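The file target.tsv contains TSV, C-alpha atoms:
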chain	number	residue	atom	x	y	z
A	1	GLU	CA	-22.11	13.62	-0.55
A	2	PRO	CA	-23.13	13.21	-4.21
A	3	GLU	CA	-24.04	9.71	-5.22
A	4	VAL	CA	-25.03	7.61	-8.20
A	5	THR	CA	-28.69	6.62	-8.06
A	6	GLN	CA	-30.22	3.61	-9.80
A	7	THR	CA	-33.80	2.58	-10.39
A	8	PRO	CA	-35.49	0.23	-9.94
A	9	SER	CA	-33.76	-1.57	-7.08
A	10	HIS	CA	-35.29	-4.87	-8.20
A	11	GLN	CA	-36.75	-5.81	-11.58
A	12	VAL	CA	-38.48	-9.11	-12.30
A	13	THR	CA	-39.11	-9.85	-15.98
A	14	GLN	CA	-40.20	-12.74	-18.15
A	15	MET	CA	-37.59	-14.19	-20.49
A	16	GLY	CA	-37.72	-12.52	-23.89
A	17	GLN	CA	-39.02	-9.22	-22.55
A	18	GLU	CA	-37.20	-5.91	-22.81
A	19	VAL	CA	-35.89	-4.18	-19.70
A	20	ILE	CA	-34.51	-0.70	-19.15
A	21	LEU	CA	-32.33	0.00	-16.16
A	22	ARG	CA	-31.91	3.62	-15.17
A	23	CYS	CA	-29.08	5.53	-13.59
A	24	VAL	CA	-28.43	9.13	-12.61
A	25	PRO	CA	-24.65	9.63	-12.45
A	26	ILE	CA	-22.97	12.19	-10.20
A	27	SER	CA	-23.66	15.55	-11.77
A	28	ASN	CA	-20.12	16.75	-12.62
A	29	HIS	CA	-18.94	13.35	-13.82
A	30	LEU	CA	-18.25	12.84	-17.51
A	31	TYR	CA	-17.63	9.10	-17.75
A	32	PHE	CA	-20.33	6.51	-17.23
A	33	TYR	CA	-20.18	2.75	-16.92
A	34	TRP	CA	-22.30	-0.34	-16.52
A	35	TYR	CA	-21.07	-3.45	-14.73
A	36	ARG	CA	-22.81	-6.61	-13.73
A	37	GLN	CA	-22.27	-9.20	-11.01
A	38	ILE	CA	-23.79	-12.63	-11.25
A	39	LEU	CA	-24.48	-14.09	-7.80
A	40	GLY	CA	-21.25	-15.39	-6.26
A	41	GLN	CA	-19.08	-14.17	-9.12
A	42	LYS	CA	-16.82	-11.20	-9.78
A	43	VAL	CA	-17.90	-7.78	-10.95
A	44	GLU	CA	-17.70	-7.66	-14.76
A	45	PHE	CA	-17.39	-4.66	-17.04
A	46	LEU	CA	-20.11	-4.20	-19.66
A	47	VAL	CA	-19.67	-0.79	-21.27
A	48	SER	CA	-18.18	2.66	-20.83
A	49	PHE	CA	-19.69	5.86	-22.24
A	50	TYR	CA	-18.13	9.26	-22.79
A	51	ASN	CA	-19.05	12.30	-24.84
A	52	ASN	CA	-22.34	10.70	-25.89
A	53	GLU	CA	-20.84	7.59	-27.34
A	54	ILE	CA	-19.62	4.16	-26.29
A	55	SER	CA	-15.88	4.26	-25.64
A	56	GLU	CA	-15.39	0.60	-24.82
A	57	LYS	CA	-17.54	-2.52	-24.48
A	58	SER	CA	-16.95	-6.08	-23.39
A	59	GLU	CA	-17.81	-9.34	-25.11
A	60	ILE	CA	-20.87	-9.59	-22.86
A	61	PHE	CA	-22.27	-6.37	-24.36
A	62	ASP	CA	-23.69	-7.91	-27.53
A	63	ASP	CA	-26.43	-6.69	-29.89
A	64	GLN	CA	-29.08	-7.29	-27.23
A	65	PHE	CA	-27.61	-4.52	-25.09
A	66	SER	CA	-27.69	-0.78	-25.69
A	67	VAL	CA	-26.99	2.34	-23.68
A	68	GLU	CA	-28.35	5.83	-23.98
A	69	ARG	CA	-28.10	9.21	-22.34
A	70	PRO	CA	-31.55	10.52	-23.22
A	71	ASP	CA	-31.13	13.82	-21.37
A	72	GLY	CA	-28.59	15.68	-19.27
A	73	SER	CA	-28.97	13.51	-16.22
A	74	ASN	CA	-30.10	9.96	-17.02
A	75	PHE	CA	-28.01	7.07	-18.31
A	76	THR	CA	-29.86	3.90	-19.29
A	77	LEU	CA	-29.04	0.29	-20.08
A	78	LYS	CA	-31.52	-1.58	-22.28
A	79	ILE	CA	-31.62	-5.33	-22.75
A	80	ARG	CA	-33.81	-6.04	-25.76
A	81	SER	CA	-34.73	-9.69	-25.29
A	82	THR	CA	-33.75	-10.97	-21.88
A	83	LYS	CA	-32.33	-14.42	-21.26
A	84	LEU	CA	-32.19	-16.44	-18.05
A	85	GLU	CA	-28.44	-15.83	-17.88
A	86	ASP	CA	-28.99	-12.06	-17.75
A	87	SER	CA	-30.10	-12.48	-14.14
A	88	ALA	CA	-27.58	-10.50	-12.11
A	89	MET	CA	-26.95	-7.30	-10.16
A	90	TYR	CA	-26.34	-4.44	-12.56
A	91	PHE	CA	-24.27	-1.55	-11.30
A	92	CYS	CA	-23.96	1.88	-12.82
A	93	ALA	CA	-20.82	3.87	-12.07
A	94	SER	CA	-19.45	7.27	-12.96
A	95	SER	CA	-16.13	9.11	-12.73
A	96	GLU	CA	-14.86	12.64	-13.32
A	97	ALA	CA	-12.11	11.44	-15.62
A	98	GLY	CA	-11.31	8.07	-17.16
A	99	TYR	CA	-8.46	7.21	-14.79
A	100	GLN	CA	-10.13	8.54	-11.65
A	101	PRO	CA	-12.13	6.51	-9.12
A	102	GLN	CA	-15.45	5.17	-10.25
A	103	HIS	CA	-18.35	5.58	-7.85
A	104	PHE	CA	-21.01	2.92	-7.92
A	105	GLY	CA	-24.75	3.10	-7.47
A	106	ASP	CA	-26.65	0.69	-5.22
A	107	GLY	CA	-27.45	-1.54	-8.18
A	108	THR	CA	-30.52	-3.09	-9.79
A	109	ARG	CA	-31.18	-6.73	-9.11
A	110	LEU	CA	-32.52	-8.18	-12.36
A	111	SER	CA	-34.36	-11.49	-12.11
A	112	ILE	CA	-35.38	-13.22	-15.35
A	113	LEU	CA	-38.09	-15.87	-15.03
B	1	GLN	CA	-6.48	-11.77	-21.04
B	2	LYS	CA	-5.99	-9.19	-18.32
B	3	GLU	CA	-6.33	-10.79	-14.91
B	4	VAL	CA	-6.52	-9.59	-11.34
B	5	GLU	CA	-5.86	-12.25	-8.74
B	6	GLN	CA	-6.86	-12.28	-5.10
B	7	ASN	CA	-6.97	-14.95	-2.45
B	8	SER	CA	-10.68	-15.57	-1.84
B	9	GLY	CA	-10.20	-16.20	1.89
B	10	PRO	CA	-11.81	-16.03	4.29
B	11	LEU	CA	-9.11	-14.09	6.08
B	12	SER	CA	-9.85	-14.07	9.79
B	13	VAL	CA	-8.22	-11.51	12.10
B	14	PRO	CA	-8.96	-10.61	15.71
B	15	GLU	CA	-10.43	-7.23	16.52
B	16	GLY	CA	-7.72	-4.58	16.79
B	17	ALA	CA	-5.25	-6.48	14.60
B	18	ILE	CA	-3.87	-5.48	11.20
B	19	ALA	CA	-5.52	-7.10	8.19
B	20	SER	CA	-3.37	-7.47	5.09
B	21	LEU	CA	-5.07	-8.02	1.74
B	22	ASN	CA	-3.12	-8.73	-1.42
B	23	CYS	CA	-3.70	-8.51	-5.14
B	24	THR	CA	-1.62	-9.20	-8.24
B	25	TYR	CA	-2.38	-8.08	-11.78
B	26	SER	CA	-1.17	-9.26	-15.16
B	27	ASP	CA	-1.35	-6.13	-17.34
B	28	ARG	CA	1.90	-4.17	-17.04
B	29	GLY	CA	0.18	-1.19	-18.67
B	30	SER	CA	-2.21	-0.78	-15.75
B	31	GLN	CA	-2.31	2.80	-14.53
B	32	SER	CA	-4.71	3.09	-11.61
B	33	PHE	CA	-5.47	0.76	-8.74
B	34	PHE	CA	-8.49	0.70	-6.49
B	35	TRP	CA	-9.76	-1.07	-3.42
B	36	TYR	CA	-13.49	-1.43	-2.96
B	37	ARG	CA	-15.37	-2.86	-0.01
B	38	GLN	CA	-18.51	-4.88	-0.73
B	39	TYR	CA	-20.92	-6.00	1.95
B	40	SER	CA	-23.11	-8.97	1.06
B	41	GLY	CA	-25.85	-7.95	-1.35
B	42	LYS	CA	-24.55	-4.39	-1.63
B	43	SER	CA	-22.61	-2.42	-4.20
B	44	PRO	CA	-18.85	-1.84	-4.26
B	45	GLU	CA	-17.82	1.10	-2.07
B	46	LEU	CA	-14.54	2.88	-2.84
B	47	ILE	CA	-12.02	2.60	0.01
B	48	MET	CA	-8.68	3.61	-1.48
B	49	PHE	CA	-7.01	4.39	-4.78
B	50	ILE	CA	-3.34	4.62	-5.69
B	51	TYR	CA	-1.55	5.60	-8.88
B	52	SER	CA	2.15	5.68	-7.95
B	53	ASN	CA	4.57	3.20	-6.46
B	54	GLY	CA	4.80	3.31	-2.69
B	55	ASP	CA	2.36	3.74	0.15
B	56	LYS	CA	-0.74	5.86	0.48
B	57	GLU	CA	-2.44	6.25	3.85
B	58	ASP	CA	-5.97	7.35	4.67
B	59	GLY	CA	-7.07	6.90	8.25
B	60	ARG	CA	-6.85	3.21	9.18
B	61	PHE	CA	-6.23	2.20	5.57
B	62	THR	CA	-2.92	2.01	3.70
B	63	ALA	CA	-2.64	1.05	0.05
B	64	GLN	CA	0.71	-0.17	-1.24
B	65	LEU	CA	1.70	-0.42	-4.89
B	66	ASN	CA	4.71	-2.13	-6.47
B	67	LYS	CA	4.44	-1.88	-10.26
B	68	ALA	CA	7.65	-3.84	-10.85
B	69	SER	CA	6.16	-6.81	-9.01
B	70	GLN	CA	2.63	-6.06	-10.29
B	71	TYR	CA	1.38	-6.15	-6.73
B	72	VAL	CA	-1.11	-4.06	-4.78
B	73	SER	CA	-2.01	-4.48	-1.14
B	74	LEU	CA	-4.37	-2.99	1.41
B	75	LEU	CA	-3.61	-2.82	5.10
B	76	ILE	CA	-6.37	-2.19	7.60
B	77	ARG	CA	-5.12	-1.16	11.03
B	78	ASP	CA	-7.12	-1.62	14.23
B	79	SER	CA	-9.59	-3.90	12.44
B	80	GLN	CA	-13.19	-3.62	13.60
B	81	PRO	CA	-16.09	-6.09	13.24
B	82	SER	CA	-17.67	-3.55	10.85
B	83	ASP	CA	-14.71	-4.10	8.51
B	84	SER	CA	-15.97	-7.64	7.89
B	85	ALA	CA	-16.78	-7.63	4.18
B	86	THR	CA	-15.38	-8.69	0.82
B	87	TYR	CA	-12.57	-6.48	-0.44
B	88	LEU	CA	-12.30	-6.10	-4.18
B	89	CYS	CA	-9.12	-5.13	-5.97
B	90	ALA	CA	-9.74	-3.33	-9.26
B	91	VAL	CA	-7.29	-2.25	-11.92
B	92	ASN	CA	-7.67	0.36	-14.64
B	93	GLY	CA	-5.93	-0.12	-17.95
B	94	ILE	CA	-3.91	2.06	-20.22
B	95	LEU	CA	-5.33	5.54	-20.57
B	96	THR	CA	-6.98	5.70	-23.99
B	97	GLY	CA	-8.52	9.12	-23.79
B	98	GLY	CA	-11.97	7.69	-23.21
B	99	GLY	CA	-13.54	5.83	-20.33
B	100	ASN	CA	-11.44	3.19	-18.65
B	101	LYS	CA	-12.90	-0.10	-17.62
B	102	LEU	CA	-12.10	-1.63	-14.27
B	103	THR	CA	-10.99	-5.24	-14.14
B	104	PHE	CA	-11.95	-6.72	-10.79
B	105	GLY	CA	-10.53	-9.59	-8.80
B	106	THR	CA	-12.84	-12.12	-7.20
B	107	GLY	CA	-12.39	-10.41	-3.83
B	108	THR	CA	-11.06	-11.47	-0.44
B	109	GLN	CA	-13.55	-12.10	2.32
B	110	LEU	CA	-12.37	-10.55	5.58
B	111	LYS	CA	-13.77	-11.62	8.93
B	112	VAL	CA	-12.90	-9.59	12.01
B	113	GLU	CA	-13.56	-11.63	15.11
B	114	LEU	CA	-14.36	-10.31	18.58

Show the structure stored in the file as structure tokens.
Amino acid sequence: EPEVTQTPSHQVTQMGQEVILRCVPISNHLYFYWYRQILGQKVEFLVSFYNNEISEKSEIFDDQFSVERPDGSNFTLKIRSTKLEDSAMYFCASSEAGYQPQHFGDGTRLSIL
Amino acid sequence: QKEVEQNSGPLSVPEGAIASLNCTYSDRGSQSFFWYRQYSGKSPELIMFIYSNGDKEDGRFTAQLNKASQYVSLLIRDSQPSDSATYLCAVNGILTGGGNKLTFGTGTQLKVEL
């Protein structure tokens, strides 16, 4: 069964450093998303991406965050200058259409020291 | 502020029993409703989705939607110890023509006891 793949599974970074989290969505899906989940808290929406542009973003997704689809398969989330509070699990998801089920990758655990 | 509310639990049921998980949502414009299962330290795994009022069955799982009451539920029949997990209710907003964010509840922890 097709799945969303994310790399790396765990990223440890010093505060202030840039990180790039990578995702390969399911191949026939057109809508891509990033969510995060701080330990013990609910899953929170960050950004949605369709037709090579951001379609919606949350208040969390400030100027330090950016997304890109550099080629036909990868979808990346960049955090320019990480803060301690960016420590969380980051999940990539994709769906065929906007209203259809979103399928999640295994996540990247981001630890900021 | 669009909210999705769930009882955090834990909900304990004996093996073989029916587990009933409930969720309410505040945005009347919500269009699509999803149940995800999340094991500790893992990612959300899609269990069921429902778009229309009524019941939708898939194997041991039944999703129920009542838009007038803004209520979604998930029934798990013949509960197994492997069903022990946190169940997340997620709601998709008004279709805008672009991607649609999911708003998640905090999840209900289910424990199926031998």

If we count all atoms listed in the file, what is near B:Asn100 at a cut-off of 12 Å, once residues fewer than 3 positions away on the same chain are taken out, given as a PyMOL selection string?
(chain A and resi 30-34+45-50+54-58+93-102) or (chain B and resi 30-33+90-97+103)

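What separates atom CA of A:Asp71 from atom CA of A:Pro25 is a distance of 11.8 Å.
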
Please provide the set of residues having any atom within 10 Å of A:Gln17, restricted to all atoms listed in the file, with same-chain residues fewer than 5 positions apart removed, written as number ranges by chain.
A: 79-83, 112

Which residues, written as a ChimeraX atom specification, have at least one atom at most 9 Å from A:Pro2, with all atoms listed in the file counted and residues fewer than 2 positions away on the same chain left out?
/A:4,26-27

Hey, what's within 6 Å of stretch 68-74 of chain B if we count all atoms listed in the file and toss same-chain stuff fewer than 4 positions away? As a short mmCIF file (atom, residue, chain, number, x, y, z; two decimals) with C-alpha atoms, keeping the file's coordinate frame, please?
data_model
loop_
_atom_site.label_atom_id
_atom_site.label_comp_id
_atom_site.auth_asym_id
_atom_site.auth_seq_id
_atom_site.Cartn_x
_atom_site.Cartn_y
_atom_site.Cartn_z
CA SER B 20 -3.37 -7.47 5.09
CA LEU B 21 -5.07 -8.02 1.74
CA ASN B 22 -3.12 -8.73 -1.42
CA CYS B 23 -3.70 -8.51 -5.14
CA THR B 24 -1.62 -9.20 -8.24
CA TYR B 25 -2.38 -8.08 -11.78
CA THR B 62 -2.92 2.01 3.70
CA ALA B 63 -2.64 1.05 0.05
CA GLN B 64 0.71 -0.17 -1.24
#

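For the pair atom CA of B:Asp58 and atom CA of B:Gln38, the interatomic distance is 18.3 Å.
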
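Using all atoms listed in the file, the shortest contact distance between A:Glu3 and any of B:Glu45, B:Gly16, B:Ser8, B:Ser26 is found at B:Glu45.
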
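The space separating atom CA of B:Val13 from atom CA of B:Tyr39 comes to 17.2 Å.
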
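Between A:Arg22 and the residues A:Lys78, A:Arg36, A:Lys42, A:His103, the shortest atom-to-atom distance, using all atoms listed in the file, involves A:Lys78.
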
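Residues in contact with A:Gly40 at up to 10 Å, not including ones fewer than 5 positions away on its chain and judged by only C-alpha atoms, are Ala88 of chain A; Ser40 and Thr106 of chain B.
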
Around the point (-27.6, -6.3, -14.0) in the file's coordinates, collect all residues with an atom within 12 Å, using only C-alpha atoms, and return them as number ranges by chain.
A: 6-12, 19-23, 34-39, 43-46, 60-61, 65, 76-79, 82-92, 105-112; B: 43

Write out, as a PDB file, in the coordinates of the input, the residues just selected, with C-alpha atoms.
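Here's the written file result_11.pdb:
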ATOM      1  CA  GLN A   6     -30.220   3.610  -9.800  1.00  0.00           C
ATOM      2  CA  THR A   7     -33.800   2.580 -10.390  1.00  0.00           C
ATOM      3  CA  PRO A   8     -35.490   0.230  -9.940  1.00  0.00           C
ATOM      4  CA  SER A   9     -33.760  -1.570  -7.080  1.00  0.00           C
ATOM      5  CA  HIS A  10     -35.290  -4.870  -8.200  1.00  0.00           C
ATOM      6  CA  GLN A  11     -36.750  -5.810 -11.580  1.00  0.00           C
ATOM      7  CA  VAL A  12     -38.480  -9.110 -12.300  1.00  0.00           C
ATOM      8  CA  VAL A  19     -35.890  -4.180 -19.700  1.00  0.00           C
ATOM      9  CA  ILE A  20     -34.510  -0.700 -19.150  1.00  0.00           C
ATOM     10  CA  LEU A  21     -32.330   0.000 -16.160  1.00  0.00           C
ATOM     11  CA  ARG A  22     -31.910   3.620 -15.170  1.00  0.00           C
ATOM     12  CA  CYS A  23     -29.080   5.530 -13.590  1.00  0.00           C
ATOM     13  CA  TRP A  34     -22.300  -0.340 -16.520  1.00  0.00           C
ATOM     14  CA  TYR A  35     -21.070  -3.450 -14.730  1.00  0.00           C
ATOM     15  CA  ARG A  36     -22.810  -6.610 -13.730  1.00  0.00           C
ATOM     16  CA  GLN A  37     -22.270  -9.200 -11.010  1.00  0.00           C
ATOM     17  CA  ILE A  38     -23.790 -12.630 -11.250  1.00  0.00           C
ATOM     18  CA  LEU A  39     -24.480 -14.090  -7.800  1.00  0.00           C
ATOM     19  CA  VAL A  43     -17.900  -7.780 -10.950  1.00  0.00           C
ATOM     20  CA  GLU A  44     -17.700  -7.660 -14.760  1.00  0.00           C
ATOM     21  CA  PHE A  45     -17.390  -4.660 -17.040  1.00  0.00           C
ATOM     22  CA  LEU A  46     -20.110  -4.200 -19.660  1.00  0.00           C
ATOM     23  CA  ILE A  60     -20.870  -9.590 -22.860  1.00  0.00           C
ATOM     24  CA  PHE A  61     -22.270  -6.370 -24.360  1.00  0.00           C
ATOM     25  CA  PHE A  65     -27.610  -4.520 -25.090  1.00  0.00           C
ATOM     26  CA  THR A  76     -29.860   3.900 -19.290  1.00  0.00           C
ATOM     27  CA  LEU A  77     -29.040   0.290 -20.080  1.00  0.00           C
ATOM     28  CA  LYS A  78     -31.520  -1.580 -22.280  1.00  0.00           C
ATOM     29  CA  ILE A  79     -31.620  -5.330 -22.750  1.00  0.00           C
ATOM     30  CA  THR A  82     -33.750 -10.970 -21.880  1.00  0.00           C
ATOM     31  CA  LYS A  83     -32.330 -14.420 -21.260  1.00  0.00           C
ATOM     32  CA  LEU A  84     -32.190 -16.440 -18.050  1.00  0.00           C
ATOM     33  CA  GLU A  85     -28.440 -15.830 -17.880  1.00  0.00           C
ATOM     34  CA  ASP A  86     -28.990 -12.060 -17.750  1.00  0.00           C
ATOM     35  CA  SER A  87     -30.100 -12.480 -14.140  1.00  0.00           C
ATOM     36  CA  ALA A  88     -27.580 -10.500 -12.110  1.00  0.00           C
ATOM     37  CA  MET A  89     -26.950  -7.300 -10.160  1.00  0.00           C
ATOM     38  CA  TYR A  90     -26.340  -4.440 -12.560  1.00  0.00           C
ATOM     39  CA  PHE A  91     -24.270  -1.550 -11.300  1.00  0.00           C
ATOM     40  CA  CYS A  92     -23.960   1.880 -12.820  1.00  0.00           C
ATOM     41  CA  GLY A 105     -24.750   3.100  -7.470  1.00  0.00           C
ATOM     42  CA  ASP A 106     -26.650   0.690  -5.220  1.00  0.00           C
ATOM     43  CA  GLY A 107     -27.450  -1.540  -8.180  1.00  0.00           C
ATOM     44  CA  THR A 108     -30.520  -3.090  -9.790  1.00  0.00           C
ATOM     45  CA  ARG A 109     -31.180  -6.730  -9.110  1.00  0.00           C
ATOM     46  CA  LEU A 110     -32.520  -8.180 -12.360  1.00  0.00           C
ATOM     47  CA  SER A 111     -34.360 -11.490 -12.110  1.00  0.00           C
ATOM     48  CA  ILE A 112     -35.380 -13.220 -15.350  1.00  0.00           C
TER      49      ILE A 112
ATOM     50  CA  SER B  43     -22.610  -2.420  -4.200  1.00  0.00           C
TER      51      SER B  43
END

What would stretch 77-109 of chain A look like with N, CA and C atoms in place, written as an mmCIF file, in the coordinates of the input?
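After the write, part_23.cif holds the following:
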data_model
loop_
_atom_site.group_PDB
_atom_site.id
_atom_site.type_symbol
_atom_site.label_atom_id
_atom_site.label_comp_id
_atom_site.auth_asym_id
_atom_site.auth_seq_id
_atom_site.Cartn_x
_atom_site.Cartn_y
_atom_site.Cartn_z
ATOM 1 N N LEU A 77 -29.473 1.544 -19.471
ATOM 2 C CA LEU A 77 -29.040 0.290 -20.080
ATOM 3 C C LEU A 77 -30.288 -0.466 -20.499
ATOM 4 N N LYS A 78 -30.381 -0.827 -21.769
ATOM 5 C CA LYS A 78 -31.520 -1.580 -22.280
ATOM 6 C C LYS A 78 -31.059 -2.969 -22.684
ATOM 7 N N ILE A 79 -31.817 -3.961 -22.260
ATOM 8 C CA ILE A 79 -31.620 -5.330 -22.750
ATOM 9 C C ILE A 79 -32.859 -5.665 -23.560
ATOM 10 N N ARG A 80 -32.668 -5.926 -24.828
ATOM 11 C CA ARG A 80 -33.810 -6.040 -25.760
ATOM 12 C C ARG A 80 -34.639 -7.288 -25.535
ATOM 13 N N SER A 81 -34.032 -8.421 -25.444
ATOM 14 C CA SER A 81 -34.730 -9.690 -25.290
ATOM 15 C C SER A 81 -33.988 -10.486 -24.232
ATOM 16 N N THR A 82 -34.507 -10.419 -23.001
ATOM 17 C CA THR A 82 -33.750 -10.970 -21.880
ATOM 18 C C THR A 82 -33.677 -12.489 -21.911
ATOM 19 N N LYS A 83 -32.549 -12.985 -21.391
ATOM 20 C CA LYS A 83 -32.330 -14.420 -21.260
ATOM 21 C C LYS A 83 -32.199 -14.748 -19.766
ATOM 22 N N LEU A 84 -32.342 -16.030 -19.454
ATOM 23 C CA LEU A 84 -32.190 -16.440 -18.050
ATOM 24 C C LEU A 84 -30.827 -16.014 -17.500
ATOM 25 N N GLU A 85 -29.807 -16.137 -18.336
ATOM 26 C CA GLU A 85 -28.440 -15.830 -17.880
ATOM 27 C C GLU A 85 -28.162 -14.335 -17.706
ATOM 28 N N ASP A 86 -29.144 -13.498 -18.017
ATOM 29 C CA ASP A 86 -28.990 -12.060 -17.750
ATOM 30 C C ASP A 86 -29.314 -11.729 -16.296
ATOM 31 N N SER A 87 -29.811 -12.707 -15.562
ATOM 32 C CA SER A 87 -30.100 -12.480 -14.140
ATOM 33 C C SER A 87 -28.812 -12.153 -13.407
ATOM 34 N N ALA A 88 -28.802 -10.982 -12.758
ATOM 35 C CA ALA A 88 -27.580 -10.500 -12.110
ATOM 36 C C ALA A 88 -27.894 -9.181 -11.415
ATOM 37 N N MET A 89 -26.913 -8.685 -10.642
ATOM 38 C CA MET A 89 -26.950 -7.300 -10.160
ATOM 39 C C MET A 89 -26.276 -6.443 -11.218
ATOM 40 N N TYR A 90 -26.917 -5.364 -11.587
ATOM 41 C CA TYR A 90 -26.340 -4.440 -12.560
ATOM 42 C C TYR A 90 -26.001 -3.135 -11.844
ATOM 43 N N PHE A 91 -24.746 -2.759 -11.957
ATOM 44 C CA PHE A 91 -24.270 -1.550 -11.300
ATOM 45 C C PHE A 91 -23.926 -0.490 -12.332
ATOM 46 N N CYS A 92 -24.378 0.706 -12.066
ATOM 47 C CA CYS A 92 -23.960 1.880 -12.820
ATOM 48 C C CYS A 92 -22.862 2.570 -12.032
ATOM 49 N N ALA A 93 -21.899 3.130 -12.721
ATOM 50 C CA ALA A 93 -20.820 3.870 -12.070
ATOM 51 C C ALA A 93 -20.495 5.107 -12.884
ATOM 52 N N SER A 94 -19.886 6.093 -12.229
ATOM 53 C CA SER A 94 -19.450 7.270 -12.960
ATOM 54 C C SER A 94 -18.133 7.773 -12.377
ATOM 55 N N SER A 95 -17.393 8.523 -13.188
ATOM 56 C CA SER A 95 -16.130 9.110 -12.730
ATOM 57 C C SER A 95 -15.942 10.465 -13.409
ATOM 58 N N GLU A 96 -15.149 11.323 -12.747
ATOM 59 C CA GLU A 96 -14.860 12.640 -13.320
ATOM 60 C C GLU A 96 -14.012 12.522 -14.573
ATOM 61 N N ALA A 97 -12.994 11.689 -14.485
ATOM 62 C CA ALA A 97 -12.110 11.440 -15.620
ATOM 63 C C ALA A 97 -11.906 9.940 -15.737
ATOM 64 N N GLY A 98 -11.384 9.502 -16.912
ATOM 65 C CA GLY A 98 -11.310 8.070 -17.160
ATOM 66 C C GLY A 98 -10.448 7.312 -16.170
ATOM 67 N N TYR A 99 -9.370 7.915 -15.689
ATOM 68 C CA TYR A 99 -8.460 7.210 -14.790
ATOM 69 C C TYR A 99 -8.838 7.383 -13.330
ATOM 70 N N GLN A 100 -9.791 8.229 -13.042
ATOM 71 C CA GLN A 100 -10.130 8.540 -11.650
ATOM 72 C C GLN A 100 -11.118 7.525 -11.074
ATOM 73 N N PRO A 101 -11.270 7.529 -9.749
ATOM 74 C CA PRO A 101 -12.130 6.510 -9.120
ATOM 75 C C PRO A 101 -13.546 6.518 -9.669
ATOM 76 N N GLN A 102 -14.070 5.338 -9.822
ATOM 77 C CA GLN A 102 -15.450 5.170 -10.250
ATOM 78 C C GLN A 102 -16.318 4.944 -9.024
ATOM 79 N N HIS A 103 -17.423 5.670 -8.969
ATOM 80 C CA HIS A 103 -18.350 5.580 -7.850
ATOM 81 C C HIS A 103 -19.579 4.815 -8.318
ATOM 82 N N PHE A 104 -19.952 3.834 -7.532
ATOM 83 C CA PHE A 104 -21.010 2.920 -7.920
ATOM 84 C C PHE A 104 -22.347 3.274 -7.285
ATOM 85 N N GLY A 105 -23.420 3.026 -8.033
ATOM 86 C CA GLY A 105 -24.750 3.100 -7.470
ATOM 87 C C GLY A 105 -25.070 1.838 -6.674
ATOM 88 N N ASP A 106 -26.265 1.824 -6.054
ATOM 89 C CA ASP A 106 -26.650 0.690 -5.220
ATOM 90 C C ASP A 106 -27.009 -0.548 -6.031
ATOM 91 N N GLY A 107 -27.205 -0.387 -7.334
ATOM 92 C CA GLY A 107 -27.450 -1.540 -8.180
ATOM 93 C C GLY A 107 -28.927 -1.826 -8.407
ATOM 94 N N THR A 108 -29.190 -2.542 -9.492
ATOM 95 C CA THR A 108 -30.520 -3.090 -9.790
ATOM 96 C C THR A 108 -30.391 -4.597 -9.852
ATOM 97 N N ARG A 109 -31.170 -5.264 -9.035
ATOM 98 C CA ARG A 109 -31.180 -6.730 -9.110
ATOM 99 C C ARG A 109 -32.172 -7.141 -10.188
#
